[in-house]
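> I'm passing along query.cif; it holds mmCIF, C-alpha atoms.
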```cif
data_protein
loop_
_atom_site.label_atom_id
_atom_site.label_comp_id
_atom_site.auth_asym_id
_atom_site.auth_seq_id
_atom_site.Cartn_x
_atom_site.Cartn_y
_atom_site.Cartn_z
CA MET A 1 39.07 51.45 18.57
CA ASP A 2 39.70 48.61 16.15
CA GLY A 3 43.23 48.62 14.79
CA PRO A 4 44.50 47.08 11.55
CA ASP A 5 45.41 43.84 13.33
CA ARG A 6 42.44 43.73 15.64
CA PRO A 7 39.09 42.17 14.63
CA PRO A 8 36.04 44.43 14.74
CA SER A 9 33.78 44.33 17.76
CA VAL A 10 30.67 42.16 17.62
CA ASP A 11 28.49 45.26 17.59
CA ALA A 12 30.43 46.95 14.81
CA LEU A 13 30.42 43.86 12.65
CA ALA A 14 26.71 43.33 13.25
CA ARG A 15 25.93 46.93 12.28
CA SER A 16 27.94 46.56 9.09
CA LEU A 17 25.47 43.82 8.05
CA ALA A 18 22.37 45.97 8.52
CA ALA A 19 21.68 46.15 4.77
CA SER A 20 20.70 42.46 4.89
CA GLY A 21 17.38 43.49 6.43
CA LEU A 22 17.52 40.88 9.18
CA PRO A 23 16.78 41.91 12.80
CA HIS A 24 19.81 43.13 14.72
CA PRO A 25 19.83 40.20 17.22
CA LEU A 26 20.25 37.76 14.31
CA LEU A 27 23.08 39.90 12.93
CA VAL A 28 24.77 39.81 16.33
CA ASP A 29 24.56 36.00 16.29
CA ALA A 30 26.12 35.95 12.81
CA ALA A 31 28.89 38.31 13.88
CA ARG A 32 29.71 36.25 16.98
CA ALA A 33 29.84 33.02 14.97
CA ALA A 34 32.20 34.57 12.41
CA LEU A 35 34.49 36.11 15.03
CA ALA A 36 34.57 32.86 17.00
CA ARG A 37 36.17 31.14 14.02
CA GLY A 38 38.54 34.05 13.50
CA ASP A 39 37.10 35.07 10.15
CA ALA A 40 35.11 38.29 10.28
CA GLY A 41 34.51 38.12 6.54
CA SER A 42 32.46 34.96 6.94
CA ALA A 43 29.75 36.95 8.74
CA VAL A 44 28.06 37.51 5.37
CA ASP A 45 27.82 33.73 4.89
CA GLU A 46 26.39 33.42 8.39
CA VAL A 47 23.72 35.96 7.51
CA GLU A 48 22.78 34.02 4.40
CA ARG A 49 22.54 30.82 6.44
CA ALA A 50 20.24 32.60 8.87
CA ARG A 51 18.12 33.90 6.00
CA ALA A 52 17.90 30.41 4.45
CA GLY A 53 16.56 29.10 7.76
CA LEU A 54 13.53 31.39 7.64
CA LEU A 55 10.16 30.22 6.34
CA GLN A 56 9.83 31.76 2.87
CA PRO A 57 8.29 31.26 -0.58
CA VAL A 58 10.17 28.91 -2.90
CA VAL A 59 9.77 27.85 -6.53
CA ASN A 60 8.79 24.18 -6.62
CA ALA A 61 10.49 22.84 -9.75
CA THR A 62 10.53 19.22 -8.59
CA GLY A 63 7.37 18.14 -10.41
CA VAL A 64 5.92 16.85 -7.14
CA LEU A 65 2.56 18.59 -6.89
CA LEU A 66 2.01 17.86 -3.19
CA HIS A 67 5.59 18.06 -1.93
CA THR A 68 5.44 17.53 1.83
CA ASN A 69 8.77 19.31 2.39
CA LEU A 70 7.43 22.32 0.48
CA GLY A 71 4.10 22.59 2.29
CA ARG A 72 2.02 20.32 0.02
CA ALA A 73 -0.79 22.13 -1.80
CA PRO A 74 0.05 25.81 -2.44
CA PHE A 75 -2.71 28.01 -1.16
CA ALA A 76 -3.01 31.78 -0.69
CA ALA A 77 -4.97 32.99 2.34
CA THR A 78 -5.41 36.54 3.58
CA GLN A 79 -7.43 37.91 6.46
CA ALA A 80 -7.89 41.46 7.59
CA ALA A 81 -6.75 42.41 11.08
CA SER A 82 -10.23 42.27 12.51
CA TYR A 83 -12.36 40.18 14.80
CA THR A 84 -14.46 37.38 13.29
CA ASN A 85 -17.57 35.51 14.38
CA LEU A 86 -15.46 32.44 15.11
CA GLU A 87 -17.67 31.26 17.99
CA LEU A 88 -20.57 33.70 17.81
CA ASP A 89 -23.98 33.06 16.29
CA LEU A 90 -24.77 36.35 14.56
CA VAL A 91 -28.48 35.49 14.38
CA THR A 92 -29.10 34.75 18.06
CA GLY A 93 -26.20 36.68 19.56
CA ARG A 94 -25.28 33.64 21.63
CA ARG A 95 -22.10 31.61 21.65
CA GLY A 96 -21.77 29.47 18.53
CA SER A 97 -19.51 26.69 17.32
CA ARG A 98 -16.31 27.23 15.37
CA GLN A 99 -17.26 24.16 13.36
CA ASP A 100 -20.61 25.43 12.10
CA HIS A 101 -19.15 27.72 9.44
CA VAL A 102 -16.82 25.53 7.40
CA GLY A 103 -18.18 22.23 8.70
CA THR A 104 -21.57 22.84 7.15
CA LEU A 105 -20.00 23.78 3.82
CA LEU A 106 -17.68 20.78 3.68
CA ALA A 107 -20.52 18.41 4.55
CA ARG A 108 -22.62 19.90 1.77
CA ALA A 109 -19.74 19.66 -0.70
CA CYS A 110 -19.30 15.90 -0.24
CA GLY A 111 -22.84 14.81 0.61
CA ALA A 112 -22.28 14.15 4.32
CA GLU A 113 -24.58 14.88 7.27
CA ALA A 114 -21.87 16.74 9.20
CA ALA A 115 -18.18 17.56 9.23
CA LEU A 116 -15.49 18.33 11.79
CA VAL A 117 -12.13 20.04 11.20
CA VAL A 118 -8.95 19.37 13.19
CA ASN A 119 -5.34 20.33 12.62
CA ASN A 120 -4.14 17.47 10.37
CA GLY A 121 -5.03 14.06 8.96
CA ALA A 122 -3.46 12.08 11.78
CA SER A 123 -5.49 14.05 14.32
CA ALA A 124 -8.68 13.32 12.39
CA LEU A 125 -8.18 9.58 12.69
CA LEU A 126 -6.97 9.85 16.29
CA VAL A 127 -10.06 11.79 17.38
CA VAL A 128 -12.37 9.29 15.67
CA LEU A 129 -10.73 6.27 17.31
CA ALA A 130 -10.52 7.90 20.74
CA SER A 131 -14.14 9.07 20.61
CA LEU A 132 -15.77 5.93 19.25
CA ALA A 133 -13.53 2.97 20.09
CA SER A 134 -11.47 3.71 23.20
CA GLY A 135 -11.28 0.57 25.33
CA ARG A 136 -12.77 -1.49 22.50
CA THR A 137 -11.38 -3.12 19.36
CA THR A 138 -11.07 -1.73 15.87
CA ALA A 139 -10.69 -4.22 13.03
CA VAL A 140 -8.15 -3.40 10.32
CA SER A 141 -6.80 -5.48 7.44
CA ARG A 142 -3.15 -6.47 7.86
CA GLY A 143 -2.58 -5.10 4.37
CA GLU A 144 -3.69 -1.65 5.53
CA LEU A 145 -1.55 -1.20 8.65
CA ILE A 146 0.35 1.54 6.89
CA GLU A 147 3.18 3.88 7.75
CA ILE A 148 3.40 7.21 5.95
CA GLY A 149 5.93 10.03 6.13
CA GLY A 150 6.92 11.41 9.49
CA GLY A 151 6.46 8.09 11.30
CA PHE A 152 2.63 8.03 11.15
CA ARG A 153 1.78 4.37 11.84
CA ILE A 154 -1.75 3.06 12.13
CA PRO A 155 -0.97 0.67 15.05
CA GLU A 156 0.64 3.48 17.04
CA ILE A 157 -2.24 5.89 16.39
CA MET A 158 -4.64 3.20 17.58
CA GLU A 159 -2.62 2.56 20.73
CA LEU A 160 -2.55 6.28 21.49
CA SER A 161 -6.32 6.47 21.04
CA GLY A 162 -6.96 3.67 23.52
CA SER A 163 -8.53 1.39 20.92
CA ARG A 164 -7.32 -2.21 20.67
CA LEU A 165 -6.15 -3.35 17.26
CA ALA A 166 -7.80 -6.44 15.78
CA GLU A 167 -5.78 -7.49 12.73
CA VAL A 168 -7.76 -9.34 10.09
CA GLY A 169 -6.73 -11.14 6.92
CA THR A 170 -3.17 -11.24 5.62
CA THR A 171 -0.82 -8.73 4.06
CA ASN A 172 -1.91 -9.48 0.51
CA ARG A 173 -5.39 -11.02 0.86
CA THR A 174 -8.27 -10.01 3.13
CA ARG A 175 -11.83 -11.32 2.68
CA VAL A 176 -15.15 -10.17 4.03
CA ASP A 177 -15.31 -13.26 6.27
CA ASP A 178 -12.14 -12.04 8.01
CA TYR A 179 -13.94 -8.86 9.01
CA ARG A 180 -17.12 -10.76 9.85
CA ALA A 181 -15.23 -12.89 12.37
CA ALA A 182 -14.07 -9.74 14.18
CA ALA A 183 -17.25 -7.68 13.81
CA GLY A 184 -18.99 -9.11 16.86
CA GLU A 185 -16.58 -7.44 19.30
CA ALA A 186 -15.42 -4.53 17.18
CA ALA A 187 -16.54 -0.97 17.84
CA LEU A 188 -15.38 0.06 14.37
CA LEU A 189 -14.28 -1.43 11.08
CA LEU A 190 -11.44 0.72 9.75
CA LYS A 191 -10.45 0.79 6.09
CA VAL A 192 -7.24 2.67 5.29
CA HIS A 193 -6.22 3.72 1.80
CA THR A 194 -2.68 2.51 1.06
CA SER A 195 -1.91 5.89 -0.38
CA ASN A 196 1.87 5.69 -0.71
CA TYR A 197 2.44 2.14 -1.97
CA ARG A 198 0.78 -0.61 -3.98
CA ILE A 199 0.52 -4.37 -3.48
CA GLU A 200 0.25 -6.22 -6.77
CA GLY A 201 -0.16 -9.85 -7.80
CA PHE A 202 -2.10 -12.40 -5.72
CA THR A 203 -4.21 -9.91 -3.78
CA SER A 204 -7.75 -9.26 -2.61
CA SER A 205 -9.40 -6.63 -0.46
CA VAL A 206 -12.89 -5.78 0.76
CA GLY A 207 -14.84 -2.77 -0.46
CA VAL A 208 -16.72 -0.31 1.69
CA ALA A 209 -20.16 -1.55 0.60
CA GLU A 210 -19.39 -5.10 1.77
CA LEU A 211 -18.11 -3.86 5.13
CA ALA A 212 -21.14 -1.64 5.67
CA GLY A 213 -23.40 -4.66 5.99
CA LEU A 214 -21.48 -6.27 8.85
CA GLY A 215 -22.81 -4.14 11.73
CA PRO A 216 -20.16 -1.86 13.25
CA PRO A 217 -19.71 1.62 11.77
CA VAL A 218 -17.22 1.68 8.91
CA VAL A 219 -14.56 4.38 9.06
CA VAL A 220 -12.62 5.03 5.87
CA ASP A 221 -9.36 6.96 5.91
CA VAL A 222 -8.99 8.04 2.28
CA GLY A 223 -6.01 10.18 3.22
CA SER A 224 -5.46 12.37 0.19
CA GLY A 225 -8.90 13.98 0.16
CA LEU A 226 -10.32 13.67 -3.36
CA LEU A 227 -13.76 15.10 -2.68
CA ASP A 228 -15.66 13.51 -5.56
CA ALA A 229 -14.43 10.98 -8.14
CA ALA A 230 -16.49 12.76 -10.82
CA CYS A 231 -14.54 16.02 -10.28
CA PRO A 232 -17.56 18.20 -11.18
CA TRP A 233 -15.43 21.30 -10.58
CA LEU A 234 -13.19 20.45 -13.57
CA PRO A 235 -14.59 21.49 -16.97
CA ASP A 236 -13.17 18.38 -18.65
CA GLY A 237 -13.99 15.96 -15.85
CA PRO A 238 -11.48 13.84 -13.90
CA PRO A 239 -8.01 13.42 -15.42
CA GLY A 240 -7.00 9.85 -16.19
CA TRP A 241 -4.31 9.73 -13.53
CA LEU A 242 -6.99 9.97 -10.81
CA ALA A 243 -8.74 6.77 -11.89
CA SER A 244 -7.64 4.59 -8.97
CA GLU A 245 -7.93 7.19 -6.20
CA PRO A 246 -10.75 6.65 -3.65
CA ALA A 247 -13.01 9.65 -3.12
CA VAL A 248 -14.91 11.00 -0.13
CA ARG A 249 -18.39 11.23 -1.67
CA GLN A 250 -18.24 7.74 -3.17
CA SER A 251 -17.01 6.26 0.12
CA LEU A 252 -19.99 7.79 1.92
CA ASP A 253 -22.38 6.62 -0.81
CA ALA A 254 -21.01 3.09 -0.43
CA GLY A 255 -21.95 3.05 3.24
CA ALA A 256 -19.05 4.54 5.21
CA ALA A 257 -20.23 6.01 8.51
CA LEU A 258 -17.25 8.37 8.65
CA VAL A 259 -14.51 9.38 6.23
CA THR A 260 -11.28 11.11 7.26
CA PHE A 261 -8.87 12.98 4.99
CA SER A 262 -6.35 15.82 4.77
CA GLY A 263 -7.07 19.38 3.71
CA ASP A 264 -3.69 20.11 2.09
CA LYS A 265 -3.56 17.29 -0.45
CA LEU A 266 -6.00 16.70 -3.30
CA LEU A 267 -8.50 19.04 -1.65
CA GLY A 268 -6.03 21.83 -2.43
CA GLY A 269 -6.35 23.79 0.82
CA PRO A 270 -4.42 24.51 4.03
CA GLN A 271 -3.12 21.86 6.40
CA ALA A 272 -6.10 20.38 8.21
CA GLY A 273 -7.72 17.07 9.07
CA ILE A 274 -11.37 16.58 8.17
CA VAL A 275 -13.96 14.11 9.48
CA VAL A 276 -17.23 13.81 7.55
CA GLY A 277 -20.20 11.48 7.83
CA ARG A 278 -23.02 10.65 10.24
CA ALA A 279 -24.08 13.58 12.38
CA ASP A 280 -24.25 11.60 15.63
CA LEU A 281 -20.73 10.22 15.20
CA VAL A 282 -19.29 13.60 14.21
CA ALA A 283 -20.97 15.12 17.28
CA ALA A 284 -19.36 12.45 19.48
CA CYS A 285 -15.96 13.37 18.06
CA ALA A 286 -16.56 17.07 18.68
CA ALA A 287 -17.59 16.35 22.29
CA HIS A 288 -14.43 14.38 23.11
CA PRO A 289 -11.84 16.29 25.21
CA LEU A 290 -9.13 15.46 22.68
CA TYR A 291 -10.88 17.55 20.06
CA ARG A 292 -10.14 20.77 21.96
CA ALA A 293 -6.41 19.92 21.86
CA VAL A 294 -6.36 19.45 18.08
CA ARG A 295 -8.92 21.97 16.85
CA PRO A 296 -7.64 24.59 14.40
CA GLY A 297 -7.73 28.36 14.78
CA GLY A 298 -9.67 30.96 12.85
CA LEU A 299 -7.00 31.45 10.17
CA VAL A 300 -7.13 27.80 9.08
CA LEU A 301 -10.92 27.66 9.27
CA GLY A 302 -11.23 30.86 7.25
CA ALA A 303 -8.89 29.53 4.56
CA LEU A 304 -10.70 26.19 4.47
CA GLN A 305 -14.02 28.00 4.17
CA GLU A 306 -12.77 29.64 0.96
CA VAL A 307 -11.83 26.21 -0.38
CA ALA A 308 -15.24 24.76 0.47
CA LEU A 309 -17.01 27.69 -1.18
CA ALA A 310 -14.89 27.17 -4.31
CA TYR A 311 -16.03 23.55 -4.54
CA LEU A 312 -19.67 24.42 -3.99
CA ASP A 313 -19.44 27.17 -6.59
CA ARG A 314 -17.81 24.81 -9.13
CA ARG A 315 -14.73 27.00 -9.35
CA ALA A 316 -12.29 24.71 -7.53
CA HIS A 317 -10.44 24.34 -10.83
CA GLN A 318 -9.07 27.80 -10.00
CA LEU A 319 -7.39 26.56 -6.82
CA PRO A 320 -3.60 26.59 -7.33
CA PHE A 321 -3.28 22.81 -6.99
CA TRP A 322 -5.94 21.98 -9.56
CA ARG A 323 -4.72 24.71 -11.89
CA MET A 324 -1.23 23.20 -11.92
CA ALA A 325 -2.40 19.59 -12.00
CA THR A 326 -4.55 20.12 -15.09
CA ILE A 327 -2.33 22.37 -17.23
CA PRO A 328 -2.33 20.85 -20.75
CA VAL A 329 0.98 19.25 -21.72
CA ASP A 330 1.18 21.39 -24.86
CA ALA A 331 1.07 24.55 -22.74
CA LEU A 332 3.98 23.27 -20.65
CA ARG A 333 5.95 22.42 -23.79
CA GLU A 334 5.45 25.95 -25.12
CA ARG A 335 6.64 27.45 -21.85
CA ALA A 336 9.72 25.20 -21.79
CA GLU A 337 10.66 26.05 -25.37
CA LYS A 338 10.17 29.76 -24.78
CA LEU A 339 12.23 29.62 -21.60
CA VAL A 340 15.27 27.95 -23.26
CA SER A 341 15.10 30.08 -26.40
CA THR A 342 17.22 32.77 -24.73
CA LEU A 343 19.59 30.39 -22.92
CA ASP A 344 22.76 28.63 -24.04
CA GLY A 345 22.90 25.07 -22.70
CA PRO A 346 19.54 24.21 -21.12
CA VAL A 347 17.12 22.28 -23.34
CA ALA A 348 13.37 21.66 -23.23
CA VAL A 349 12.52 18.04 -22.42
CA GLU A 350 9.52 15.82 -21.83
CA CYS A 351 9.28 14.56 -18.26
CA ALA A 352 6.80 13.20 -15.75
CA SER A 353 5.35 14.79 -12.63
CA VAL A 354 3.79 12.96 -9.68
CA ALA A 355 1.05 13.83 -7.21
CA GLY A 356 3.19 13.30 -4.09
CA GLY A 357 1.92 13.82 -0.56
CA GLY A 358 1.24 10.11 -0.15
CA ALA A 359 -1.21 10.06 -3.07
CA LEU A 360 -1.34 8.01 -6.26
CA PRO A 361 1.81 5.88 -5.83
CA GLY A 362 3.44 4.94 -9.12
CA VAL A 363 1.17 7.20 -11.18
CA GLU A 364 2.94 9.66 -13.49
CA ILE A 365 1.51 12.86 -14.95
CA PRO A 366 2.95 13.91 -18.34
CA SER A 367 4.89 17.16 -18.20
CA TRP A 368 7.61 19.28 -19.79
CA GLY A 369 10.59 20.97 -18.24
CA VAL A 370 14.09 22.33 -18.73
CA SER A 371 17.19 20.18 -18.38
CA LEU A 372 20.79 21.20 -17.71
CA PRO A 373 23.80 18.82 -17.44
CA GLY A 374 25.17 18.33 -13.93
CA ASP A 375 23.80 18.74 -10.43
CA HIS A 376 22.95 22.40 -9.81
CA ARG A 377 20.42 21.95 -7.01
CA ALA A 378 22.50 23.73 -4.36
CA ALA A 379 23.06 26.77 -6.58
CA LEU A 380 19.36 26.96 -7.46
CA ARG A 381 18.39 26.83 -3.79
CA GLY A 382 20.50 29.96 -3.32
CA THR A 383 18.58 31.89 -5.99
CA ARG A 384 17.09 35.24 -5.03
CA PRO A 385 14.41 36.57 -4.77
CA ARG A 386 13.03 33.02 -4.60
CA PRO A 387 14.99 29.83 -4.00
CA ILE A 388 14.35 27.19 -6.67
CA VAL A 389 14.02 23.56 -5.64
CA ALA A 390 14.69 21.22 -8.57
CA ARG A 391 15.49 17.52 -9.01
CA VAL A 392 18.32 15.53 -10.57
CA GLN A 393 17.50 12.91 -13.17
CA ARG A 394 20.13 10.89 -15.06
CA ASP A 395 22.94 13.24 -13.96
CA GLU A 396 21.03 16.28 -15.19
CA THR A 397 19.24 19.01 -13.27
CA LEU A 398 15.58 19.05 -14.25
CA VAL A 399 13.22 21.97 -13.74
CA ASP A 400 9.71 20.50 -14.10
CA LEU A 401 7.38 23.31 -15.15
CA ARG A 402 4.14 21.64 -14.05
CA THR A 403 4.79 22.76 -10.50
CA VAL A 404 6.25 26.17 -11.43
CA ASP A 405 3.83 29.09 -11.48
CA PRO A 406 4.09 30.81 -14.89
CA ALA A 407 4.74 34.07 -13.03
CA ASP A 408 8.03 32.52 -11.84
CA ASP A 409 9.31 31.58 -15.31
CA ALA A 410 11.39 34.75 -15.38
CA VAL A 411 12.98 33.80 -12.05
CA VAL A 412 13.81 30.35 -13.41
CA ALA A 413 15.23 31.79 -16.64
CA ALA A 414 17.49 34.22 -14.76
CA ALA A 415 18.73 31.48 -12.43
CA LEU A 416 19.54 29.14 -15.32
CA ALA A 417 21.26 31.93 -17.23
CA ALA A 418 23.51 32.51 -14.22
CA LEU A 419 24.56 28.85 -14.32
CA THR A 420 25.56 28.85 -17.98
#
```
Could you express the structure from this file as structure tokens?

Amino acid sequence: MDGPDRPPSVDALARSLAASGLPHPLLVDAARAALARGDAGSAVDEVERARAGLLQPVVNATGVLLHTNLGRAPFAATQAASYTNLELDLVTGRRGSRQDHVGTLLARACGAEAALVVNNGASALLVVLASLASGRTTAVSRGELIEIGGGFRIPEIMELSGSRLAEVGTTNRTRVDDYRAAAGEAALLLKVHTSNYRIEGFTSSVGVAELAGLGPPVVVDVGSGLLDAACPWLPDGPPGWLASEPAVRQSLDAGAALVTFSGDKLLGGPQAGIVVGRADLVAACAAHPLYRAVRPGGLVLGALQEVALAYLDRRAHQLPFWRMATIPVDALRERAEKLVSTLDGPVAVECASVAGGGALPGVEIPSWGVSLPGDHRAALRGTRPRPIVARVQRDETLVDLRTVDPADDAVVAAALAALT
């Protein structure tokens, strides 16, 4: 029995935390950690740390639409607990391909002959290089040997694929003759969108149409996955901030043999890597042994199928990403003013959002939000029922409403009220 001077047992302390709703083994870990430091009362803090470590919904108030740390494009996907025809042809009754469902739809949506889905953008490029250029050279401009978040470097991906890198041009200027000099031995000409930085000043680069006439297949990694520069799924057409972003359909129309891109960026879907283009080259990628190691499961393919259908049905403007990205500034201002009308301290302010996710570097999207003096990010991350992730700007905490679902305005208001 525990006396007044004796700490509780691990089991007793763990059971006293049962109201937290966490599984008992996690409560035991919290109890042991607290007792090890001689402070049984700190077990509650240990439980909260354990809860914070779980994958959970958060309110993105940073203004970064495609926040990599927050899962990039928000997307809701549900699937009943049932079998699916993942690799079954329902017409013939024979074994089918898991790529036929969504691959056909994606190809149709961007004007390609065929499409292949893998688990992320890096895998898409890796499979292409391994399938079509292993043991041979791939020509890339020195100005496009990029590194993006998470240590993704083009030279390292090429080395892993078995393709030899042929650097052409210089960092700031590459001409078509530079590619022409390498085209004789190259299996592929690779053009990579510098999606997370810009080179300005004395620069030149070579377009897809010019490369397409040199002989080897042209592979374009557009990265962020804008399906069509015309944005036919948006009632008002493409927003101005998309003007400089390369698009999949236009890259194919210009002569690209293959285009690779991500599914969870400007496409607005789940994490995936997508290869679209010539049917024979896509088939070669699907036949490579590496494809089996990076192919996605039925949940991802089912979610991506819903995205593809939305584009084909001209209702992609209803996808959460596009809905947030195209909210009129006046609507955000009204929300901000309504939100602060009941608060003492926070004020409505104009601000600027960004695309994020390695897309549209330096491009700002007008927005409105709520500002509060001081750095309150840690307190907002502790908000329940949903943690709020905000940003600090000029020594003030800013809640950018462009990336906040209107349904969460009440959560934001309650959290701000608790700080004032």
> Could you check which residues have any atom within 12 Å of (-8.9, -13.3, 1.6), counting all atoms listed in the file with coordinates taken straight from the file, and then list them as a ChimeraX atom specification?
/A:141-143,168-180,202-206
> Would you translate the PyMOL selection byres ((chain A and resi 193) around 9) into the concrete set of residues it matches in this file, as a VMD selection string?
chain A and resid 144 146 191 to 192 194 to 196 220 to 224 245 to 246
> I'd like the neighbourhood of Glu350 (chain A) as a ChimeraX atom specification, where a residue qualifies if any of its atoms comes within 9 Å (using all atoms listed in the file), though same-chain residues fewer than 3 positions away should be ignored.
/A:333,366-370
> Generate a file of the selected residues that holds C-alpha atoms, formatted as a PDB file, in the frame of the given file.

```
ATOM      1  CA  ARG A 333       5.950  22.420 -23.790  1.00  0.00           C
ATOM      2  CA  PRO A 366       2.950  13.910 -18.340  1.00  0.00           C
ATOM      3  CA  SER A 367       4.890  17.160 -18.200  1.00  0.00           C
ATOM      4  CA  TRP A 368       7.610  19.280 -19.790  1.00  0.00           C
ATOM      5  CA  GLY A 369      10.590  20.970 -18.240  1.00  0.00           C
ATOM      6  CA  VAL A 370      14.090  22.330 -18.730  1.00  0.00           C
TER       7      VAL A 370
END
```
> Just to confirm, what's the straight-line distance from CA of Ala183 (chain A) to CA of Val294 (chain A) in Å (one decimal)?
29.5 Å
> Given the file shown, determine the residues that the PyMOL selection byres ((chain A and resi 307-324) around 7) selects; report them as a list in words.
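The output of the PyMOL selection byres ((chain A and resi 307-324) around 7) on this file is Ala73, Pro74, Phe75, Leu105, Leu106, Ala109, Pro232, Trp233, Leu234, Gly268, Gly269, Ala303, Leu304, Gln305, Glu306, Ala325, Thr326, Ile327, Arg402 and Thr403 of chain A.
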> Rounded to one decimal in Å, what is the spacing between CA of Arg164 (chain A) and CA of Ala187 (chain A)?
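Straight-line distance from CA of Arg164 (chain A) to CA of Ala187 (chain A) works out to 9.7 Å.
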> Output the residue selection produced by the PyMOL selection byres ((chain A and resi 208) around 10) on the file above, formatted as a VMD selection string.
chain A and resid 189 to 191 205 to 207 209 to 213 218 to 220 250 to 257
> Do you know which residues are at most 12 Å from Ala243 (chain A) counting all atoms listed in the file, after dropping those on the same chain fewer than 5 positions away, and could you put them as a PDB file with C-alpha atoms, in the frame of the given file?

```
ATOM      1  CA  LEU A 226     -10.320  13.670  -3.360  1.00  0.00           C
ATOM      2  CA  ASP A 228     -15.660  13.510  -5.560  1.00  0.00           C
ATOM      3  CA  ALA A 229     -14.430  10.980  -8.140  1.00  0.00           C
ATOM      4  CA  ALA A 230     -16.490  12.760 -10.820  1.00  0.00           C
ATOM      5  CA  CYS A 231     -14.540  16.020 -10.280  1.00  0.00           C
ATOM      6  CA  GLY A 237     -13.990  15.960 -15.850  1.00  0.00           C
ATOM      7  CA  PRO A 238     -11.480  13.840 -13.900  1.00  0.00           C
ATOM      8  CA  LEU A 360      -1.340   8.010  -6.260  1.00  0.00           C
ATOM      9  CA  VAL A 363       1.170   7.200 -11.180  1.00  0.00           C
TER      10      VAL A 363
END
```
> Need the shell around region 11-25 of chain A: protein/DNA/RNA residues with any atom at most 12 Å away, counting only C-alpha atoms. Skip same-chain ones fewer than 3 positions apart. Format as a list in words?
Met1, Asp2, Pro7, Pro8, Val28, Asp29, Ala30, Ala31, Arg32, Ala33, Ala34, Leu35, Asp39, Ala40, Gly41, Ser42, Ala43, Val44, Asp45, Glu46, Val47, Glu48, Arg49, Ala50, Arg51, Ala52, Gly53 and Leu54 of chain A
> May I ask which of the residues A:Asp264, A:Arg381, A:Pro289, A:Glu396 is the closest one to Thr68 (chain A), counting all atoms listed in the file?
A:Asp264
> Export region 327-371 of chain A, C-alpha atoms, as a short mmCIF file (atom, residue, chain, number, x, y, z; two decimals), in the first residue's frame; it's the structure right above.

```
data_model
loop_
_atom_site.label_atom_id
_atom_site.label_comp_id
_atom_site.auth_asym_id
_atom_site.auth_seq_id
_atom_site.Cartn_x
_atom_site.Cartn_y
_atom_site.Cartn_z
CA ILE A 327 -10.66 32.63 -51.61
CA PRO A 328 -11.23 36.33 -52.44
CA VAL A 329 -9.23 38.72 -50.27
CA ASP A 330 -12.40 40.57 -49.25
CA ALA A 331 -13.84 37.36 -47.83
CA LEU A 332 -10.71 36.85 -45.73
CA ARG A 333 -10.88 40.45 -44.50
CA GLU A 334 -14.49 39.96 -43.40
CA ARG A 335 -13.58 36.79 -41.52
CA ALA A 336 -10.64 38.51 -39.80
CA GLU A 337 -12.74 41.49 -38.72
CA LYS A 338 -15.53 39.26 -37.45
CA LEU A 339 -13.06 37.10 -35.54
CA VAL A 340 -11.45 40.04 -33.67
CA SER A 341 -14.75 41.81 -32.99
CA THR A 342 -15.22 39.76 -29.81
CA LEU A 343 -11.57 39.83 -28.71
CA ASP A 344 -9.57 42.39 -26.73
CA GLY A 345 -6.06 42.79 -28.16
CA PRO A 346 -5.86 40.92 -31.47
CA VAL A 347 -6.37 43.03 -34.60
CA ALA A 348 -7.24 42.22 -38.22
CA VAL A 349 -4.32 42.85 -40.58
CA GLU A 350 -3.41 42.51 -44.23
CA CYS A 351 -0.74 39.90 -44.86
CA ALA A 352 0.66 37.67 -47.58
CA SER A 353 0.43 33.91 -48.00
CA VAL A 354 2.76 31.73 -50.10
CA ALA A 355 2.29 28.51 -52.03
CA GLY A 356 5.05 26.59 -50.24
CA GLY A 357 5.94 22.98 -50.97
CA GLY A 358 8.79 24.05 -53.25
CA ALA A 359 6.46 25.95 -55.58
CA LEU A 360 6.41 29.56 -56.77
CA PRO A 361 9.47 30.92 -54.91
CA GLY A 362 9.17 34.60 -54.03
CA VAL A 363 5.52 34.81 -55.11
CA GLU A 364 3.11 36.23 -52.52
CA ILE A 365 -0.66 35.74 -52.41
CA PRO A 366 -2.63 38.60 -50.79
CA SER A 367 -4.37 37.58 -47.59
CA TRP A 368 -5.81 38.76 -44.27
CA GLY A 369 -5.24 37.48 -40.79
CA VAL A 370 -5.24 38.23 -37.07
CA SER A 371 -2.22 39.66 -35.28
#
```
